[in-house]
Structure formats: C-alpha cells, structure tokens
file protein15.cif (mmCIF, C-alpha atoms and all ligand atoms)
data_start
#
loop_
_atom_site.label_atom_id
_atom_site.label_comp_id
_atom_site.auth_asym_id
_atom_site.auth_seq_id
_atom_site.Cartn_x
_atom_site.Cartn_y
_atom_site.Cartn_z
CA MET A 1 -50.43 108.81 -4.80
CA PHE A 2 -53.76 107.30 -3.69
CA ASN A 3 -55.37 104.79 -5.93
CA ARG A 4 -59.14 104.89 -6.29
CA VAL A 5 -59.83 102.35 -3.58
CA ALA A 6 -57.59 104.23 -1.15
CA ARG A 7 -59.18 107.53 -2.11
CA ARG A 8 -62.60 106.06 -1.38
CA ALA A 9 -61.43 104.56 1.89
CA PHE A 10 -60.40 107.99 3.11
CA SER A 11 -63.69 109.59 2.28
CA SER A 12 -66.85 109.94 4.31
CA THR A 13 -68.96 109.70 1.13
CA ALA A 14 -67.31 106.53 -0.11
CA ALA A 15 -69.05 106.33 -3.47
CA SER A 16 -68.33 109.87 -4.56
CA ASN A 17 -64.63 110.02 -5.32
CA TYR A 18 -63.94 109.87 -8.99
CA LYS A 19 -61.15 110.65 -11.38
CA VAL A 20 -62.31 112.46 -14.50
CA ALA A 21 -60.03 113.08 -17.49
CA VAL A 22 -60.79 115.72 -20.12
CA LEU A 23 -58.94 115.19 -23.44
CA GLY A 24 -58.78 118.42 -25.44
CA ALA A 25 -59.01 120.39 -22.20
CA ALA A 26 -57.41 123.61 -23.49
CA GLY A 27 -59.92 124.07 -26.31
CA GLY A 28 -63.05 126.14 -26.62
CA ILE A 29 -65.17 123.44 -25.00
CA GLY A 30 -62.41 121.92 -22.89
CA GLN A 31 -61.73 125.01 -20.79
CA PRO A 32 -65.24 125.80 -19.55
CA LEU A 33 -66.01 122.07 -19.30
CA SER A 34 -62.95 121.60 -17.07
CA LEU A 35 -64.16 124.46 -14.87
CA LEU A 36 -67.61 122.90 -14.58
CA MET A 37 -66.12 119.50 -13.71
CA LYS A 38 -64.06 121.24 -11.02
CA LEU A 39 -67.39 122.35 -9.54
CA ASN A 40 -68.73 118.79 -9.45
CA ASN A 41 -68.29 117.50 -5.91
CA LYS A 42 -68.10 113.87 -7.02
CA VAL A 43 -64.81 114.61 -8.74
CA THR A 44 -61.74 114.34 -6.54
CA ASP A 45 -59.13 114.05 -9.28
CA LEU A 46 -59.37 116.10 -12.46
CA ALA A 47 -56.83 115.33 -15.20
CA LEU A 48 -56.63 117.81 -18.08
CA TYR A 49 -54.87 116.71 -21.26
CA ASP A 50 -54.24 118.59 -24.48
CA LEU A 51 -51.52 118.77 -27.12
CA ARG A 52 -50.77 122.23 -25.76
CA GLY A 53 -51.89 124.50 -22.94
CA ALA A 54 -53.38 122.03 -20.47
CA PRO A 55 -50.96 122.78 -17.58
CA GLY A 56 -51.99 126.44 -17.75
CA VAL A 57 -55.70 125.61 -17.75
CA ALA A 58 -55.11 123.21 -14.85
CA ALA A 59 -53.23 125.83 -12.81
CA ASP A 60 -56.04 128.31 -13.38
CA VAL A 61 -58.91 125.92 -12.60
CA SER A 62 -57.04 124.48 -9.59
CA HIS A 63 -57.53 127.73 -7.65
CA VAL A 64 -61.28 127.19 -7.49
CA PRO A 65 -61.87 126.08 -3.89
CA THR A 66 -63.57 122.71 -4.35
CA ASN A 67 -62.36 119.40 -3.01
CA SER A 68 -60.43 118.10 -6.02
CA THR A 69 -56.89 118.16 -7.28
CA VAL A 70 -56.31 119.27 -10.86
CA LYS A 71 -53.33 118.32 -13.00
CA GLY A 72 -52.52 119.32 -16.55
CA TYR A 73 -50.70 117.11 -19.02
CA GLY A 74 -49.23 117.40 -22.50
CA PRO A 75 -48.02 114.68 -24.84
CA GLU A 76 -44.50 114.74 -23.39
CA GLU A 77 -43.45 112.41 -20.54
CA GLU A 78 -46.32 110.01 -21.16
CA GLY A 79 -48.81 112.72 -20.26
CA LEU A 80 -51.73 110.92 -21.89
CA LYS A 81 -50.97 107.75 -19.93
CA GLN A 82 -50.81 109.71 -16.70
CA ALA A 83 -54.00 111.59 -17.44
CA LEU A 84 -55.91 108.40 -18.22
CA SER A 85 -54.53 106.00 -15.62
CA GLY A 86 -57.18 105.34 -12.98
CA ALA A 87 -59.81 107.50 -14.72
CA ASP A 88 -63.43 106.57 -14.06
CA VAL A 89 -64.83 108.92 -16.69
CA VAL A 90 -63.08 110.28 -19.78
CA ILE A 91 -64.62 113.20 -21.66
CA ILE A 92 -63.30 113.80 -25.20
CA PRO A 93 -63.82 117.18 -26.88
CA ALA A 94 -60.48 116.96 -28.78
CA GLY A 95 -60.53 117.84 -32.45
CA VAL A 96 -61.36 120.63 -34.85
CA PRO A 97 -64.70 122.49 -34.94
CA ARG A 98 -66.73 123.56 -38.00
CA LYS A 99 -66.44 126.79 -39.94
CA PRO A 100 -69.39 128.31 -41.85
CA GLY A 101 -70.36 126.21 -44.86
CA MET A 102 -69.03 122.96 -43.40
CA SER A 103 -71.04 119.95 -42.28
CA ARG A 104 -70.01 117.95 -39.24
CA ASP A 105 -69.07 115.14 -41.61
CA ASP A 106 -66.51 117.49 -43.19
CA LEU A 107 -64.58 117.18 -39.89
CA PHE A 108 -64.24 113.41 -40.31
CA ASN A 109 -60.87 113.45 -42.08
CA THR A 110 -59.21 115.38 -39.26
CA ASN A 111 -61.08 114.18 -36.20
CA ALA A 112 -61.38 110.45 -36.97
CA SER A 113 -57.71 109.73 -36.33
CA ILE A 114 -57.57 112.03 -33.29
CA VAL A 115 -60.47 110.20 -31.67
CA ARG A 116 -59.18 106.75 -32.73
CA ASP A 117 -55.79 107.39 -31.12
CA LEU A 118 -57.27 108.78 -27.90
CA ALA A 119 -59.68 105.83 -27.70
CA SER A 120 -56.79 103.44 -28.19
CA ALA A 121 -54.94 105.06 -25.29
CA ALA A 122 -58.07 104.84 -23.13
CA GLY A 123 -58.28 101.14 -23.99
CA ASP A 124 -54.71 100.71 -22.80
CA TYR A 125 -54.70 102.87 -19.67
CA CYS A 126 -58.28 102.97 -18.35
CA PRO A 127 -60.19 100.10 -20.00
CA LYS A 128 -62.95 100.23 -17.38
CA ALA A 129 -63.67 103.95 -17.75
CA ALA A 130 -66.90 105.43 -19.09
CA LEU A 131 -66.12 107.38 -22.28
CA CYS A 132 -68.13 110.46 -23.24
CA ILE A 133 -67.47 111.47 -26.86
CA ILE A 134 -68.07 115.08 -27.84
CA SER A 135 -65.77 115.34 -30.90
CA ASN A 136 -67.65 115.57 -34.19
CA PRO A 137 -68.97 113.96 -36.26
CA VAL A 138 -70.39 112.14 -33.20
CA ASN A 139 -72.46 109.84 -35.46
CA SER A 140 -69.15 108.40 -36.73
CA THR A 141 -66.67 109.06 -33.91
CA VAL A 142 -68.63 106.87 -31.48
CA PRO A 143 -68.46 103.84 -33.83
CA ILE A 144 -64.75 104.63 -34.30
CA VAL A 145 -64.20 104.39 -30.54
CA ALA A 146 -66.25 101.19 -30.34
CA GLU A 147 -64.28 99.49 -33.13
CA THR A 148 -60.94 100.68 -31.78
CA LEU A 149 -61.69 99.34 -28.31
CA ALA A 150 -63.18 96.12 -29.69
CA LYS A 151 -59.90 95.38 -31.48
CA LYS A 152 -58.19 95.53 -28.08
CA GLY A 153 -60.86 93.49 -26.32
CA ALA A 154 -61.63 96.57 -24.25
CA TYR A 155 -65.06 97.58 -25.60
CA ASP A 156 -67.89 97.74 -23.12
CA PRO A 157 -70.99 99.02 -25.00
CA LYS A 158 -72.52 100.07 -21.71
CA LYS A 159 -69.70 102.54 -21.12
CA LEU A 160 -69.46 104.35 -24.44
CA PHE A 161 -71.59 107.46 -24.87
CA GLY A 162 -71.97 109.95 -27.68
CA VAL A 163 -72.86 113.24 -26.02
CA THR A 164 -76.05 114.57 -27.61
CA THR A 165 -77.14 116.59 -24.58
CA LEU A 166 -76.73 119.91 -26.41
CA ASP A 167 -79.68 118.93 -28.62
CA ILE A 168 -81.69 118.34 -25.46
CA LEU A 169 -80.71 121.75 -24.04
CA ARG A 170 -81.58 123.48 -27.31
CA ALA A 171 -84.92 121.70 -27.53
CA SER A 172 -85.87 122.92 -24.04
CA ARG A 173 -84.79 126.44 -24.78
CA PHE A 174 -86.29 126.74 -28.28
CA ILE A 175 -89.64 125.20 -27.33
CA SER A 176 -89.92 127.63 -24.42
CA GLU A 177 -89.39 130.52 -26.84
CA VAL A 178 -92.22 129.27 -29.06
CA ALA A 179 -94.61 128.40 -26.23
CA ASN A 180 -93.62 131.31 -23.96
CA THR A 181 -92.85 129.00 -21.04
CA ASN A 182 -90.07 128.50 -18.50
CA PRO A 183 -87.25 126.59 -20.27
CA THR A 184 -86.14 124.97 -17.01
CA GLN A 185 -89.48 123.16 -16.90
CA GLU A 186 -89.39 121.98 -20.52
CA LYS A 187 -88.23 118.41 -21.15
CA VAL A 188 -87.99 117.19 -24.73
CA SER A 189 -86.66 113.77 -25.70
CA VAL A 190 -84.38 114.06 -28.74
CA VAL A 191 -83.52 110.75 -30.38
CA GLY A 192 -81.38 109.58 -33.30
CA GLY A 193 -77.93 111.05 -33.80
CA HIS A 194 -76.15 114.40 -33.64
CA SER A 195 -76.27 116.14 -37.01
CA GLY A 196 -79.02 117.78 -39.05
CA VAL A 197 -81.71 115.32 -40.08
CA THR A 198 -80.47 112.65 -37.66
CA ILE A 199 -81.55 114.88 -34.75
CA VAL A 200 -85.20 114.01 -34.03
CA PRO A 201 -87.00 115.98 -31.31
CA LEU A 202 -90.17 114.28 -30.10
CA ILE A 203 -92.42 117.29 -29.62
CA SER A 204 -95.54 115.07 -29.62
CA GLN A 205 -94.40 113.73 -26.23
CA THR A 206 -94.44 117.21 -24.69
CA THR A 207 -97.40 119.30 -23.57
CA HIS A 208 -97.04 121.32 -26.81
CA LYS A 209 -98.23 118.68 -29.27
CA GLY A 210 -100.95 121.04 -30.50
CA LEU A 211 -98.55 123.55 -32.07
CA PRO A 212 -99.70 124.75 -35.52
CA LYS A 213 -97.86 122.96 -38.36
CA ASP A 214 -95.80 125.97 -39.47
CA LYS A 215 -94.57 126.60 -35.92
CA LEU A 216 -93.89 122.90 -35.34
CA ASP A 217 -91.89 122.55 -38.57
CA ALA A 218 -89.86 125.66 -37.77
CA LEU A 219 -89.19 124.44 -34.23
CA ILE A 220 -88.01 121.00 -35.39
CA ASN A 221 -85.80 122.60 -38.04
CA ARG A 222 -84.27 124.96 -35.49
CA ILE A 223 -83.44 122.09 -33.12
CA GLN A 224 -81.96 120.03 -35.96
CA PHE A 225 -79.82 122.90 -37.25
CA GLY A 226 -79.20 124.86 -34.02
CA GLY A 227 -75.48 124.19 -34.28
CA ASP A 228 -75.39 126.12 -37.57
CA GLU A 229 -76.73 129.25 -35.84
CA VAL A 230 -73.67 129.32 -33.59
CA VAL A 231 -71.19 128.43 -36.33
CA LYS A 232 -72.59 131.29 -38.45
CA ALA A 233 -72.58 133.80 -35.58
CA LYS A 234 -68.99 132.90 -34.62
CA ASN A 235 -68.07 133.58 -38.24
CA GLY A 236 -65.06 131.29 -38.59
CA ALA A 237 -64.04 131.24 -34.92
CA GLY A 238 -65.56 127.82 -34.25
CA SER A 239 -68.81 126.32 -33.03
CA ALA A 240 -70.73 126.05 -29.78
CA THR A 241 -68.36 125.90 -26.80
CA LEU A 242 -70.08 127.38 -23.74
CA SER A 243 -73.49 125.76 -24.18
CA MET A 244 -71.62 122.55 -25.08
CA ALA A 245 -69.57 122.76 -21.90
CA GLN A 246 -72.81 123.01 -19.93
CA ALA A 247 -74.24 120.06 -21.87
CA GLY A 248 -71.07 118.00 -21.40
CA ALA A 249 -70.90 118.75 -17.68
CA ARG A 250 -74.53 117.79 -17.26
CA PHE A 251 -74.04 114.51 -19.10
CA ALA A 252 -70.76 113.60 -17.36
CA GLY A 253 -72.40 114.56 -14.06
CA SER A 254 -75.20 112.12 -14.78
CA VAL A 255 -72.69 109.38 -15.65
CA LEU A 256 -71.02 110.03 -12.27
CA ASN A 257 -74.40 109.96 -10.52
CA GLY A 258 -75.06 106.59 -12.15
CA LEU A 259 -71.64 105.23 -11.17
CA ALA A 260 -72.35 106.34 -7.59
CA GLY A 261 -75.54 104.26 -7.59
CA GLU A 262 -78.06 107.10 -7.54
CA ALA A 263 -81.57 106.15 -8.61
CA ASP A 264 -83.42 107.18 -11.79
CA VAL A 265 -80.57 108.90 -13.62
CA VAL A 266 -81.97 109.22 -17.12
CA GLU A 267 -80.34 111.00 -20.08
CA ASN A 268 -80.56 110.62 -23.84
CA SER A 269 -77.31 109.45 -25.40
CA TYR A 270 -76.00 108.03 -28.68
CA VAL A 271 -75.02 104.52 -27.64
CA GLU A 272 -74.89 101.02 -29.08
CA ASN A 273 -78.59 100.49 -28.83
CA PRO A 274 -80.83 97.46 -29.45
CA VAL A 275 -83.68 99.69 -30.66
CA PHE A 276 -82.91 99.49 -34.43
CA ALA A 277 -79.99 97.05 -34.36
CA LYS A 278 -81.93 94.48 -36.42
CA GLU A 279 -82.28 97.10 -39.19
CA GLY A 280 -78.52 97.62 -39.25
CA VAL A 281 -78.51 100.84 -37.20
CA LYS A 282 -76.14 99.86 -34.42
CA PHE A 283 -75.94 103.23 -32.66
CA PHE A 284 -78.93 105.38 -31.84
CA SER A 285 -79.79 107.89 -29.15
CA THR A 286 -82.74 107.09 -26.90
CA PRO A 287 -83.33 107.73 -23.21
CA ILE A 288 -81.17 105.45 -21.06
CA THR A 289 -80.90 104.96 -17.33
CA LEU A 290 -77.34 105.28 -16.05
CA GLY A 291 -76.04 103.05 -13.28
CA PRO A 292 -72.89 101.73 -11.60
CA GLU A 293 -71.88 99.78 -14.74
CA GLY A 294 -72.80 102.50 -17.24
CA VAL A 295 -76.04 101.94 -19.16
CA LYS A 296 -78.45 100.20 -16.81
CA GLU A 297 -81.54 100.30 -18.99
CA TYR A 298 -82.42 101.23 -22.57
CA HIS A 299 -85.80 102.92 -22.75
CA ALA A 300 -88.20 102.68 -25.64
CA ILE A 301 -88.61 105.74 -27.85
CA GLY A 302 -92.23 105.91 -26.77
CA GLU A 303 -95.26 107.07 -28.70
CA THR A 304 -94.52 109.12 -31.78
CA SER A 305 -96.53 111.06 -34.36
CA ASP A 306 -96.60 110.16 -38.07
CA LEU A 307 -94.28 113.09 -38.75
CA GLU A 308 -91.80 111.85 -36.13
CA ASP A 309 -91.94 108.35 -37.61
CA GLN A 310 -90.90 109.84 -40.96
CA LEU A 311 -88.11 111.84 -39.31
CA ILE A 312 -86.84 108.72 -37.55
CA ALA A 313 -86.87 106.77 -40.83
CA THR A 314 -84.79 109.50 -42.49
CA ALA A 315 -82.43 109.64 -39.51
CA LYS A 316 -81.85 105.88 -39.68
CA GLU A 317 -80.82 106.03 -43.34
CA THR A 318 -78.20 108.72 -42.70
CA LEU A 319 -77.01 107.10 -39.49
CA LYS A 320 -76.39 103.78 -41.25
CA LYS A 321 -73.97 105.53 -43.60
CA ASN A 322 -72.31 107.56 -40.83
CA ILE A 323 -71.80 104.43 -38.72
CA GLU A 324 -70.43 102.44 -41.64
CA LYS A 325 -68.00 105.23 -42.43
CA GLY A 326 -66.61 105.10 -38.88
CA VAL A 327 -66.35 101.30 -38.87
CA ASN A 328 -64.63 101.25 -42.28
CA PHE A 329 -62.16 103.89 -41.14
CA VAL A 330 -60.95 101.72 -38.27
CA GLU A 331 -60.81 98.63 -40.48
CA GLN A 332 -58.75 100.44 -43.11
CA THR A 333 -56.37 102.29 -40.81
CA SER A 334 -55.47 99.84 -38.10
P1 LIG A 401 -61.17 123.77 -30.27
O1 LIG A 401 -60.36 123.79 -31.52
O2 LIG A 401 -61.43 125.05 -29.57
O3 LIG A 401 -60.51 122.79 -29.20
C1 LIG A 401 -60.10 121.51 -29.54
C2 LIG A 401 -58.93 121.15 -28.67
O4 LIG A 401 -58.55 119.81 -28.98
C3 LIG A 401 -57.69 122.05 -28.91
O5 LIG A 401 -57.25 122.59 -27.69
C4 LIG A 401 -56.67 121.08 -29.51
O6 LIG A 401 -55.32 121.36 -29.13
C5 LIG A 401 -57.15 119.76 -28.91
N1 LIG A 401 -56.64 118.60 -29.62
C6 LIG A 401 -56.53 118.38 -30.94
N2 LIG A 401 -55.99 117.18 -31.17
C7 LIG A 401 -55.77 116.61 -29.97
C8 LIG A 401 -55.22 115.39 -29.55
N3 LIG A 401 -54.78 114.47 -30.41
N4 LIG A 401 -55.12 115.16 -28.22
C9 LIG A 401 -55.57 116.07 -27.32
N5 LIG A 401 -56.08 117.25 -27.66
C10 LIG A 401 -56.18 117.52 -28.97
O7 LIG A 401 -62.56 123.04 -30.63
P2 LIG A 401 -63.90 123.01 -29.74
O8 LIG A 401 -64.76 124.16 -30.09
O9 LIG A 401 -63.54 122.77 -28.32
O10 LIG A 401 -64.61 121.71 -30.36
C11 LIG A 401 -64.05 120.44 -30.19
C12 LIG A 401 -64.88 119.38 -30.88
O11 LIG A 401 -66.18 119.27 -30.28
C13 LIG A 401 -65.14 119.66 -32.37
O12 LIG A 401 -65.00 118.46 -33.10
C14 LIG A 401 -66.59 120.11 -32.39
O13 LIG A 401 -67.22 119.88 -33.62
C15 LIG A 401 -67.16 119.25 -31.30
N6 LIG A 401 -68.45 119.69 -30.74
C16 LIG A 401 -69.36 118.73 -30.43
C17 LIG A 401 -70.58 119.09 -29.88
C18 LIG A 401 -71.59 118.04 -29.52
O14 LIG A 401 -72.75 118.37 -29.28
N7 LIG A 401 -71.22 116.78 -29.40
C19 LIG A 401 -70.87 120.44 -29.64
C20 LIG A 401 -69.91 121.39 -29.96
C21 LIG A 401 -68.70 121.01 -30.52
C1 LIG A 402 -73.30 121.71 -32.17
O1 LIG A 402 -74.34 121.08 -32.30
O2 LIG A 402 -73.29 122.90 -31.80
C2 LIG A 402 -72.01 121.02 -32.42
O3 LIG A 402 -72.17 119.76 -32.98
C3 LIG A 402 -71.02 121.84 -33.18
C4 LIG A 402 -71.40 122.07 -34.61
O4 LIG A 402 -70.56 121.81 -35.48
O5 LIG A 402 -72.50 122.54 -34.86
#
call {"tool": "encode", "arguments": {"input": "protein15.cif", "output": "structure tokens"}}
result
Amino acid sequence: MFNRVARRAFSSTAASNYKVAVLGAAGGIGQPLSLLMKLNNKVTDLALYDLRGAPGVAADVSHVPTNSTVKGYGPEEEGLKQALSGADVVIIPAGVPRKPGMSRDDLFNTNASIVRDLASAAGDYCPKAALCIISNPVNSTVPIVAETLAKKGAYDPKKLFGVTTLDILRASRFISEVANTNPTQEKVSVVGGHSGVTIVPLISQTTHKGLPKDKLDALINRIQFGGDEVVKAKNGAGSATLSMAQAGARFAGSVLNGLAGEADVVENSYVENPVFAKEGVKFFSTPITLGPEGVKEYHAIGETSDLEDQLIATAKETLKKNIEKGVNFVEQTS
C-alpha cells in the first residue's frame, strides 16, 4: 500500500493526491457526498466509514470511472483506524438529523458523544488531517472536537472547520429568487454560526442592499431558518441531505485546493476565530483563506448595516452558550 509520499511521487500532478475519509458515509448526506468526492480529481484515496453499510456504498461509488480507489469500512477489524490512517481531510456527517419540531440543539445529547469519539480517533490516527464537521449542532460539535483534540495535544485550530457552506448556498439561491437574478452569480457572506439566529447573512455587502425592509427581513429570516423548510417537507424522514452534500463537497474541495497550494481559496467557515475571541466567543464563521496548512488568513467581517450589527450581537450571545455547552460536555465526560 502506497503511503502519501509514495502516492505523490508516482503522480504527474504531485500536489494533487489526497486521502479523504467520510465518517457517516452511508447516511443521507454521506452517500451523495461520497459520490461527489469520488468526482473530485484531487482525491486518490476515498475511505468511507459508517457503523453499517459503508462497504456497499463504497462498492457502488467505486464503479465511477475517476482516478481514485474507494474502500468501505465498518467498526469491526479496526475499520475506523484504517479509514483514518493517512487521511489528509476527514469529513464528518455522522449522527442523527432533526425531525419536525426539533431544534439543532435537541440533537446534542445524541450527536455530542458520536462526534467526540470520532474526533478522538482522528486525533489518534490522523492528527495532521483537516477536519470538516457537518454533524449538528455545529455550533457545539466544533468546540467538542477542539476540546477533545486539545486533550490529546492534537488540536490545530487552523485545521478544524465547521461546515456552514449550506447557509452560503441558500443565501445565493434565496436572494436570486427575490431579486430575479442568476443564483450562480450571487455571492453572499454569511457569518456567525449554523443555527437560526446565529446565521447572519450580510445582504448589505451585496448589490441588493436597497431591498425594501419587508423583503429584506423575509429574506434574512428564510436564510436563517432554511433548514426548517427541508425538515418540514421531509416530514420526519430527516433534514437536508442532497444540498448539504453539494455544500460539503464544495467546502472539502476548497480545503483540498488550499492544501494543494492554490491561490485565493476563500470560503466562510465556523472556526476558532480571533474576531470576537476577546468577548468570549471563541468560534465564529467569517471568510477565511485556505492554504497548505489549513486556515491561511482570517478576513474581517467587513462593513455591516445597523441591522446586521444587531443580528451579530444576538448571534454572539447564543454562540457563547452553544460553545460553552460543547466545552463543558468534554470536560464532564472525559
Ligand atoms: P442520517 O441519519 O441519514 O445519516 C447519519 C449516518 O451517520 C448514518 O448512516 C449512521 O449510521 C451514521 N453514524 C451514526 N453514528 C456513527 C458513528 N459513531 N460512526 C460512524 N457513523 C455513524 O443523517 P444525515 O441526514 O446524513 O445527517 C447527518 C448529520 O448532519 C445530522 O446531525 C444533521 O443534523 C447534520 N446536518 C448538518 C448540516 C450542516 O449544514 N452542517 C446540514 C444537514 C445536516
Ligand atoms: C440544515 O441547515 O439544513 C441542517 O443544519 C439540518 C437541519 O437540521 O436543519
């Protein structure tokens, strides 16, 4: 079996051979996300792990004729260790999704320990990997991963990402519906966290800052609570999976582009962020530039309207509590 250095040595595009592991690969997000990662030509080794079903997903995805090998693993025979060993990027959508009437925070009791244990394994088997956390509640699961890795001396804040890209996709789509424009040309920075009032779209930074107040308020509300639309429509069968797979593949693709040394790779992500650290908000999503070591640069939020300042203030208050909850969980359970 080739290690990463050997894999690179055998390649004509030396900086584009990466091992990606998806944990929770047989789930609603995991399956389409695994397919999309199979289509990413920077990935040469795709490891799919789940408690059940990953070998089947791997066999299926492996028939897609791109230049990567795909292997599926379960918990038996040290499957998690095998999936993680040598991984450059680990994407984690493992855990339960919401049902109608639930908040993302209601998932904490189930998902916190799932994410903690997977993070611990990543700390053991691929301590240098970039970790992309999808499992909800992201506002708390990211601090859980940070604390878990820190206890092992394996935490690199520049390589831990909460995936908030779905909010960015929704913002582009929803604003285009209001403004009657092409969504592929719409770019909206969404800062804060990933749940309800912690999701803050910065419409004043777009070309649509002149929207009438009623339309603006409705647009912001739709972006903040877009996840609920899907949960309601799926009627007990889960939450967003396909749009999330697209969002996850875009974000992981950008992480890979950064690792490969490409220029100007900018995404918004929920990371340990200096922006409000002095106010006790350790994690916050802002635009970041991705590079060979993970986060290369933290960008300022930029100019904001009075309304957005209020939304950010509200987001910070909720985030503080969400972050503390994650940190306390690790302190109390490990
Ligand atoms: P799902 O139930 O369809 O799939 C989850 C998968 O995780 C299942 O296959 C399950 O077997 C697996 N799993 C559970 N525990 C595991 C463990 N210890 N190790 C490995 N695999 C494990 O759920 P889904 O719809 O794919 O959603 C997954 C998570 O992603 C949920 O928490 C959901 O809220 C979250 N989510 C986040 C975003 C976001 O924007 N960040 C968007 C959508 C969903
Ligand atoms: C989303 O935004 O779609 C996800 O966080 C899933 C959810 O629970 O809404």
call {"tool": "atom_distance", "arguments": {"input": "protein15.cif", "atom1": "CA of Pro75 (chain A)", "atom2": "CA of Cys126 (chain A)"}}
result
16.9 Å
call {"tool": "residues_near_ligand", "arguments": {"input": "protein15.cif", "ligand": "ligand LIG 401 (chain A)", "cutoff": "6 Å", "atoms": "all atoms listed in the file", "output": "list in words"}}
result
Leu23, Gly24, Ala26, Gly27, Gly28, Ile29, Gly30, Asp50, Leu51, Arg52, Pro93, Ala94, Gly95, Val96, Pro97, Arg98, Ile114, Ile134, Ser135, Asn136, Val163, Thr164, Leu166, Gly238, Ser239, Ala240, Thr241 and Met244 of chain A
call {"tool": "residues_around", "arguments": {"input": "protein15.cif", "residues": "Ile91 (chain A)", "least_positions_apart": "5", "cutoff": "8 Å", "atoms": "all atoms listed in the file", "output": "PyMOL selection string"}}
result
chain A and resi 20-23+131-134+252
call {"tool": "atom_distance", "arguments": {"input": "protein15.cif", "atom1": "CA of Asp60 (chain A)", "atom2": "CA of Leu118 (chain A)"}}
result
24.4 Å
call {"tool": "atom_distance", "arguments": {"input": "protein15.cif", "atom1": "CA of Ala47 (chain A)", "atom2": "CA of Ser34 (chain A)"}}
result
9.0 Å
call {"tool": "residues_around", "arguments": {"input": "protein15.cif", "residues": "Glu78 (chain A)", "least_positions_apart": "3", "cutoff": "12 Å", "atoms": "only C-alpha atoms", "output": "PyMOL selection string"}}
result
chain A and resi 49+51+73-75+81-85+121+125
call {"tool": "closest_residue", "arguments": {"input": "protein15.cif", "among": "A:Asp124, A:Asp105, A:Asp117, A:Glu147", "to": "Glu331 (chain A)", "atoms": "only C-alpha atoms"}}
result
A:Glu147
call {"tool": "closest_residue", "arguments": {"input": "protein15.cif", "among": "A:Ser189, A:Gln205, A:Thr148, A:Asn17", "to": "Gly86 (chain A)", "atoms": "only C-alpha atoms"}}
result
A:Asn17
